[in-house]
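Peer 1: The structure file entry13.txt (compact mmCIF, C-alpha atoms) is provided below.
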# COMPACT_ATOMS: atom_id res chain seq x y z
CA MET A 267 0.00 0.00 0.00
CA PRO A 268 2.67 2.63 0.86
CA GLY A 269 4.55 1.80 -2.34
CA PHE A 270 1.38 2.39 -4.36
CA LEU A 271 0.72 5.64 -2.48
CA THR A 272 4.28 6.67 -3.26
CA ALA A 273 3.62 6.26 -6.98
CA LEU A 274 0.52 8.46 -6.64
CA PHE A 275 2.38 11.10 -4.63
CA ALA A 276 5.32 11.03 -7.03
CA GLY A 277 2.94 11.80 -9.86
CA ALA A 278 1.18 14.52 -7.90
CA LEU A 279 4.47 16.15 -6.82
CA PHE A 280 6.12 15.83 -10.25
CA PHE A 281 6.28 19.61 -10.73
CA MET A 282 8.28 20.22 -7.53
CA ALA A 283 12.02 20.25 -7.00
CA GLU A 284 13.59 17.14 -5.50
CA THR A 285 14.51 19.00 -2.31
CA THR A 286 10.88 20.00 -1.78
CA ILE A 287 9.69 16.44 -2.39
CA ALA A 288 12.31 15.18 0.09
CA GLY A 289 11.10 17.73 2.65
CA ILE A 290 7.50 16.59 2.25
CA ALA A 291 8.60 12.96 2.56
CA ALA A 292 10.54 13.75 5.75
CA ILE A 293 7.48 15.52 7.21
CA CYS A 294 5.38 12.42 6.48
CA MET A 295 7.97 10.24 8.20
CA GLY A 296 8.18 12.54 11.23
CA ALA A 297 4.40 12.93 11.54
CA GLY A 298 3.91 9.18 11.34
CA MET A 299 6.55 8.46 13.97
CA ILE A 300 5.40 11.10 16.45
CA GLY A 301 1.79 10.14 15.81
CA ILE A 302 2.56 6.53 16.70
CA ALA A 303 4.25 7.69 19.91
CA ILE A 304 1.21 9.77 20.92
CA TRP A 305 -1.81 7.95 19.46
CA GLY A 306 -0.41 4.51 18.63
CA GLY A 307 -2.48 2.65 21.20
CA SER A 308 -5.36 2.01 18.84
CA TRP A 309 -4.85 -0.65 16.14
CA TRP A 310 -6.40 1.31 13.25
CA THR A 311 -4.76 4.57 14.25
CA MET A 312 -1.39 2.84 14.42
CA ILE A 313 -1.93 1.29 10.96
CA ALA A 314 -2.88 4.70 9.50
CA LEU A 315 0.14 6.40 11.07
CA MET A 316 2.48 3.61 9.96
CA THR A 317 1.14 4.08 6.42
CA VAL A 318 1.96 7.81 6.60
CA TRP A 319 5.44 7.04 7.92
CA SER A 320 6.09 4.31 5.37
CA THR A 321 4.82 6.44 2.48
CA GLY A 322 7.32 9.14 3.43
CA SER A 323 10.08 6.54 3.68
CA HIS A 324 9.23 5.10 0.27
CA LEU A 325 8.96 8.55 -1.31
CA ILE A 326 12.39 9.63 -0.11
CA MET A 327 14.17 6.55 -1.52
CA PRO A 328 14.26 7.57 -5.20
CA VAL A 329 14.61 11.25 -4.29
CA ARG A 330 17.75 10.50 -2.27
CA SER A 331 19.36 8.99 -5.37
CA SER A 332 18.25 11.90 -7.50
CA LEU A 333 19.67 14.44 -5.04
CA SER A 334 22.98 12.62 -4.87
CA MET A 335 23.20 12.70 -8.67
CA ASP A 336 22.49 16.44 -8.66
CA LEU A 337 25.26 16.96 -6.09
CA ALA A 338 27.84 15.17 -8.24
CA HIS A 339 30.15 16.66 -10.82
CA GLU A 340 29.91 15.43 -14.38
CA GLY A 341 31.71 12.13 -14.82
CA LYS A 342 31.53 11.32 -11.08
CA LYS A 343 27.82 10.69 -10.63
CA GLY A 344 28.21 6.95 -10.02
CA ARG A 345 30.90 7.55 -7.43
CA ARG A 346 28.77 10.14 -5.61
CA LEU A 347 25.76 7.81 -5.65
CA GLY A 348 27.90 5.06 -4.11
CA GLN A 349 29.23 7.44 -1.47
CA ILE A 350 25.74 8.59 -0.50
CA GLN A 351 24.48 5.01 -0.28
CA ALA A 352 27.53 3.96 1.74
CA ALA A 353 26.97 6.86 4.15
CA GLY A 354 23.32 5.83 4.49
CA ILE A 355 24.25 2.24 5.27
CA ALA A 356 26.88 3.36 7.79
CA ALA A 357 24.36 5.69 9.44
CA SER A 358 21.86 2.81 9.65
CA ILE A 359 24.41 0.59 11.35
CA VAL A 360 25.45 3.28 13.81
CA GLY A 361 21.82 4.22 14.50
CA CYS A 362 20.81 0.61 15.15
CA ALA A 363 23.79 0.09 17.44
CA LEU A 364 23.02 3.31 19.32
CA ILE A 365 19.39 2.31 19.83
CA TRP A 366 20.45 -1.15 20.95
CA VAL A 367 22.88 0.25 23.54
CA VAL A 368 20.45 2.92 24.79
CA MET A 369 17.59 0.43 25.09
CA ASP A 370 19.86 -2.03 26.88
CA LEU A 371 21.08 0.53 29.43
CA THR A 372 17.88 2.47 30.11
CA PRO A 373 14.27 1.61 30.92
CA LYS A 374 12.32 0.72 27.78
CA ASN A 375 10.54 3.82 26.48
CA TYR A 376 9.54 3.16 22.88
CA ALA A 377 7.38 6.27 22.64
CA LEU A 378 10.39 8.44 23.41
CA LEU A 379 12.39 6.74 20.64
CA TYR A 380 9.60 7.41 18.15
CA VAL A 381 9.40 11.06 19.20
CA ILE A 382 13.17 11.46 18.84
CA GLY A 383 13.05 9.80 15.42
CA GLY A 384 10.18 12.05 14.38
CA LEU A 385 12.04 15.16 15.52
CA VAL A 386 15.10 14.06 13.55
CA ALA A 387 12.87 13.63 10.49
CA PHE A 388 11.43 17.12 10.98
CA GLY A 389 14.99 18.44 11.25
CA ALA A 390 15.82 16.71 7.98
CA ALA A 391 12.74 18.31 6.41
CA ALA A 392 13.96 21.74 7.51
CA VAL A 393 17.34 21.05 5.91
CA PHE A 394 15.73 19.83 2.68
CA PHE A 395 13.47 22.88 2.45
CA THR A 396 16.42 25.26 2.87
CA MET A 397 18.71 23.46 0.40
CA ARG A 398 19.51 25.43 -2.72
CA MET A 399 21.20 23.29 -5.31
CA PRO A 400 22.58 25.33 -8.19
CA GLY A 401 22.99 22.28 -10.43
CA ALA A 402 19.46 21.00 -9.79
CA HIS A 403 16.79 21.66 -12.32
CA LEU A 404 13.23 20.67 -12.97
CA ARG A 405 13.91 19.04 -16.32
CA ARG A 406 12.35 15.64 -16.10
CA PRO A 407 13.26 12.77 -18.35
CA LYS A 408 10.70 12.14 -21.05
CA PHE A 409 8.85 8.87 -20.61
CA VAL A 410 9.15 6.70 -23.68
CA TRP A 411 6.82 3.73 -24.01
CA ARG A 412 8.06 0.71 -25.92
CA ARG A 413 6.09 -2.50 -25.89
CA GLU A 414 9.13 -4.71 -25.58
CA TYR A 415 10.02 -3.04 -22.27
CA TRP A 416 6.68 -3.80 -20.57
CA LEU A 417 8.24 -6.07 -17.95
CA TYR A 418 10.81 -3.43 -17.01
CA TYR A 419 8.07 -0.82 -16.63
CA LEU A 420 6.05 -3.15 -14.44
CA LEU A 421 9.02 -3.98 -12.22
CA ALA A 422 10.05 -0.33 -12.00
CA PHE A 423 6.53 0.59 -10.93
CA PHE A 424 6.63 -1.90 -8.07
CA SER A 425 10.16 -1.03 -7.00
CA ALA A 426 11.02 2.63 -7.37
CA ARG A 427 14.09 2.20 -5.16
CA GLY A 428 17.21 3.53 -6.85
CA ASN A 429 15.47 4.75 -9.99
CA ARG A 430 15.32 8.37 -10.98
CA PHE A 431 11.63 8.90 -11.55
CA PHE A 432 11.64 12.53 -10.52
Would you mind giving the structure from this file in structure tokens?

Peer 2:
Amino acid sequence: MPGFLTALFAGALFFMAETTIAGIAAICMGAGMIGIAIWGGSWWTMIALMTVWSTGSHLIMPVRSSLSMDLAHEGKKGRRLGQIQAAGIAASIVGCALIWVVMDLTPKNYALLYVIGGLVAFGAAAVFFTMRMPGAHLRRPKFVWRREYWLYYLLAFFSARGNRFF
């Protein structure tokens, strides 16, 4: 469901710059996380808030790749994309280890972790909204339909991760 919503949002936000789309995605993530911390006691409310959070997470995946390509110099786009992905993986490992240690040493307070995560996401949104990227532009690649590529289009629709749809 969040992946499908991401495709709808990507189409609706097509006219915006990648930094703005990333900011909106980060707000969705932060709102979902803080909402779960505050109102997550009800099953249906938790499912709705997790959908908001997950939609933001799915929306930021292709935008992250697009931003890293815009930050790269010509001829070094692949290297920059690899560096950004490596930094993301390293941050995930450090973040997981930090949460593990904190949860092991302190009383379990999951709501506080969700609030902290949501605040970090809101901070990321603020950074995205203030980013001015001189090399970024709103030229979008033209979609070309070829029958023989139908399977690729179908797979790309279901897995927007790593593709530059924006």

Peer 1: Rank A:Ser308, A:Ser320, A:Ser358, A:Thr272 by their smallest atom-to-atom distance to A:Gly296, using all atoms listed in the file, and report the top residue only.

Peer 2: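 For A:Gly296, the nearest of the given residues is A:Ser320.
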
Peer 1: Could you pull the residues within 9 Å of A:Phe395, counting all atoms listed in the file, minus those fewer than 4 positions along the same chain, as number ranges by chain?

Peer 2: A: 285-290, 390-391

Peer 1: Every residue with an atom at most 12 Å from (4.8, 16.1, -1.0) (file coordinates; only C-alpha atoms) is what I'm after, so could you write them as a VMD selection string?

Peer 2: chain A and resid 271 to 295 318 321 to 326 329 391 395

Peer 1: Deliver the residues from the most recent selection as a file, using C-alpha atoms, as a PDB file, keeping the file's coordinate frame.

Peer 2:
ATOM      1  CA  LEU A 271       0.720   5.640  -2.480  1.00  0.00           C
ATOM      2  CA  THR A 272       4.280   6.670  -3.260  1.00  0.00           C
ATOM      3  CA  ALA A 273       3.620   6.260  -6.980  1.00  0.00           C
ATOM      4  CA  LEU A 274       0.520   8.460  -6.640  1.00  0.00           C
ATOM      5  CA  PHE A 275       2.380  11.100  -4.630  1.00  0.00           C
ATOM      6  CA  ALA A 276       5.320  11.030  -7.030  1.00  0.00           C
ATOM      7  CA  GLY A 277       2.940  11.800  -9.860  1.00  0.00           C
ATOM      8  CA  ALA A 278       1.180  14.520  -7.900  1.00  0.00           C
ATOM      9  CA  LEU A 279       4.470  16.150  -6.820  1.00  0.00           C
ATOM     10  CA  PHE A 280       6.120  15.830 -10.250  1.00  0.00           C
ATOM     11  CA  PHE A 281       6.280  19.610 -10.730  1.00  0.00           C
ATOM     12  CA  MET A 282       8.280  20.220  -7.530  1.00  0.00           C
ATOM     13  CA  ALA A 283      12.020  20.250  -7.000  1.00  0.00           C
ATOM     14  CA  GLU A 284      13.590  17.140  -5.500  1.00  0.00           C
ATOM     15  CA  THR A 285      14.510  19.000  -2.310  1.00  0.00           C
ATOM     16  CA  THR A 286      10.880  20.000  -1.780  1.00  0.00           C
ATOM     17  CA  ILE A 287       9.690  16.440  -2.390  1.00  0.00           C
ATOM     18  CA  ALA A 288      12.310  15.180   0.090  1.00  0.00           C
ATOM     19  CA  GLY A 289      11.100  17.730   2.650  1.00  0.00           C
ATOM     20  CA  ILE A 290       7.500  16.590   2.250  1.00  0.00           C
ATOM     21  CA  ALA A 291       8.600  12.960   2.560  1.00  0.00           C
ATOM     22  CA  ALA A 292      10.540  13.750   5.750  1.00  0.00           C
ATOM     23  CA  ILE A 293       7.480  15.520   7.210  1.00  0.00           C
ATOM     24  CA  CYS A 294       5.380  12.420   6.480  1.00  0.00           C
ATOM     25  CA  MET A 295       7.970  10.240   8.200  1.00  0.00           C
ATOM     26  CA  VAL A 318       1.960   7.810   6.600  1.00  0.00           C
ATOM     27  CA  THR A 321       4.820   6.440   2.480  1.00  0.00           C
ATOM     28  CA  GLY A 322       7.320   9.140   3.430  1.00  0.00           C
ATOM     29  CA  SER A 323      10.080   6.540   3.680  1.00  0.00           C
ATOM     30  CA  HIS A 324       9.230   5.100   0.270  1.00  0.00           C
ATOM     31  CA  LEU A 325       8.960   8.550  -1.310  1.00  0.00           C
ATOM     32  CA  ILE A 326      12.390   9.630  -0.110  1.00  0.00           C
ATOM     33  CA  VAL A 329      14.610  11.250  -4.290  1.00  0.00           C
ATOM     34  CA  ALA A 391      12.740  18.310   6.410  1.00  0.00           C
ATOM     35  CA  PHE A 395      13.470  22.880   2.450  1.00  0.00           C
TER      36      PHE A 395
END

Peer 1: Would you mind reading off the distance between atom CA of A:Phe270 and atom CA of A:Thr317, one decimal, in Å?

Peer 2: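 Interatomic distance, atom CA of A:Phe270 to atom CA of A:Thr317: 10.9 Å.
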
Peer 1: Go ahead and compute the interatomic distance for atom CA of A:Met399 and atom CA of A:Gln349, in Å to one decimal.

Peer 2: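 Computing it gives 18.2 Å between the two atoms.
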
Peer 1: Would you mind reading off the distance between atom CA of A:Val386 and atom CA of A:Ala338, one decimal, in Å?

Peer 2: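 Answer for the atom CA of A:Val386 to atom CA of A:Ala338 separation: 25.3 Å.
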
Peer 1: Can you fill out stretch 280-295 of chain A with N, CA, C and O atoms and hand it back as a PDB file, in the frame of the given file?

Peer 2:
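This is the output file selection_34.pdb:
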ATOM      1  N   PHE A 280       5.192  15.845  -9.118  1.00  0.00           N
ATOM      2  CA  PHE A 280       6.120  15.830 -10.250  1.00  0.00           C
ATOM      3  C   PHE A 280       6.662  17.217 -10.587  1.00  0.00           C
ATOM      4  O   PHE A 280       7.792  17.364 -11.030  1.00  0.00           O
ATOM      5  N   PHE A 281       5.884  18.257 -10.355  1.00  0.00           N
ATOM      6  CA  PHE A 281       6.280  19.610 -10.730  1.00  0.00           C
ATOM      7  C   PHE A 281       7.209  20.268  -9.713  1.00  0.00           C
ATOM      8  O   PHE A 281       7.730  21.349  -9.961  1.00  0.00           O
ATOM      9  N   MET A 282       7.455  19.625  -8.593  1.00  0.00           N
ATOM     10  CA  MET A 282       8.280  20.220  -7.530  1.00  0.00           C
ATOM     11  C   MET A 282       9.731  19.788  -7.659  1.00  0.00           C
ATOM     12  O   MET A 282      10.039  18.751  -8.230  1.00  0.00           O
ATOM     13  N   ALA A 283      10.596  20.585  -7.055  1.00  0.00           N
ATOM     14  CA  ALA A 283      12.020  20.250  -7.000  1.00  0.00           C
ATOM     15  C   ALA A 283      12.234  19.057  -6.072  1.00  0.00           C
ATOM     16  O   ALA A 283      11.432  18.813  -5.159  1.00  0.00           O
ATOM     17  N   GLU A 284      13.306  18.321  -6.300  1.00  0.00           N
ATOM     18  CA  GLU A 284      13.590  17.140  -5.500  1.00  0.00           C
ATOM     19  C   GLU A 284      13.743  17.481  -4.014  1.00  0.00           C
ATOM     20  O   GLU A 284      13.336  16.701  -3.152  1.00  0.00           O
ATOM     21  N   THR A 285      14.331  18.629  -3.711  1.00  0.00           N
ATOM     22  CA  THR A 285      14.510  19.000  -2.310  1.00  0.00           C
ATOM     23  C   THR A 285      13.166  19.229  -1.624  1.00  0.00           C
ATOM     24  O   THR A 285      12.997  18.872  -0.462  1.00  0.00           O
ATOM     25  N   THR A 286      12.209  19.786  -2.341  1.00  0.00           N
ATOM     26  CA  THR A 286      10.880  20.000  -1.780  1.00  0.00           C
ATOM     27  C   THR A 286      10.173  18.662  -1.567  1.00  0.00           C
ATOM     28  O   THR A 286       9.535  18.450  -0.529  1.00  0.00           O
ATOM     29  N   ILE A 287      10.290  17.770  -2.530  1.00  0.00           N
ATOM     30  CA  ILE A 287       9.690  16.440  -2.390  1.00  0.00           C
ATOM     31  C   ILE A 287      10.315  15.717  -1.196  1.00  0.00           C
ATOM     32  O   ILE A 287       9.616  15.074  -0.399  1.00  0.00           O
ATOM     33  N   ALA A 288      11.627  15.810  -1.052  1.00  0.00           N
ATOM     34  CA  ALA A 288      12.310  15.180   0.090  1.00  0.00           C
ATOM     35  C   ALA A 288      11.831  15.779   1.404  1.00  0.00           C
ATOM     36  O   ALA A 288      11.646  15.054   2.393  1.00  0.00           O
ATOM     37  N   GLY A 289      11.616  17.088   1.437  1.00  0.00           N
ATOM     38  CA  GLY A 289      11.100  17.730   2.650  1.00  0.00           C
ATOM     39  C   GLY A 289       9.710  17.239   3.011  1.00  0.00           C
ATOM     40  O   GLY A 289       9.415  16.958   4.175  1.00  0.00           O
ATOM     41  N   ILE A 290       8.848  17.103   2.011  1.00  0.00           N
ATOM     42  CA  ILE A 290       7.500  16.590   2.250  1.00  0.00           C
ATOM     43  C   ILE A 290       7.562  15.149   2.743  1.00  0.00           C
ATOM     44  O   ILE A 290       6.844  14.757   3.672  1.00  0.00           O
ATOM     45  N   ALA A 291       8.440  14.354   2.134  1.00  0.00           N
ATOM     46  CA  ALA A 291       8.600  12.960   2.560  1.00  0.00           C
ATOM     47  C   ALA A 291       9.081  12.891   4.007  1.00  0.00           C
ATOM     48  O   ALA A 291       8.586  12.068   4.797  1.00  0.00           O
ATOM     49  N   ALA A 292      10.027  13.747   4.379  1.00  0.00           N
ATOM     50  CA  ALA A 292      10.540  13.750   5.750  1.00  0.00           C
ATOM     51  C   ALA A 292       9.451  14.175   6.737  1.00  0.00           C
ATOM     52  O   ALA A 292       9.370  13.638   7.850  1.00  0.00           O
ATOM     53  N   ILE A 293       8.589  15.115   6.345  1.00  0.00           N
ATOM     54  CA  ILE A 293       7.480  15.520   7.210  1.00  0.00           C
ATOM     55  C   ILE A 293       6.524  14.342   7.414  1.00  0.00           C
ATOM     56  O   ILE A 293       6.048  14.107   8.532  1.00  0.00           O
ATOM     57  N   CYS A 294       6.244  13.598   6.345  1.00  0.00           N
ATOM     58  CA  CYS A 294       5.380  12.420   6.480  1.00  0.00           C
ATOM     59  C   CYS A 294       5.996  11.415   7.447  1.00  0.00           C
ATOM     60  O   CYS A 294       5.298  10.859   8.309  1.00  0.00           O
ATOM     61  N   MET A 295       7.294  11.187   7.307  1.00  0.00           N
ATOM     62  CA  MET A 295       7.970  10.240   8.200  1.00  0.00           C
ATOM     63  C   MET A 295       7.881  10.722   9.652  1.00  0.00           C
ATOM     64  O   MET A 295       7.535   9.947  10.550  1.00  0.00           O
TER      65      MET A 295
END
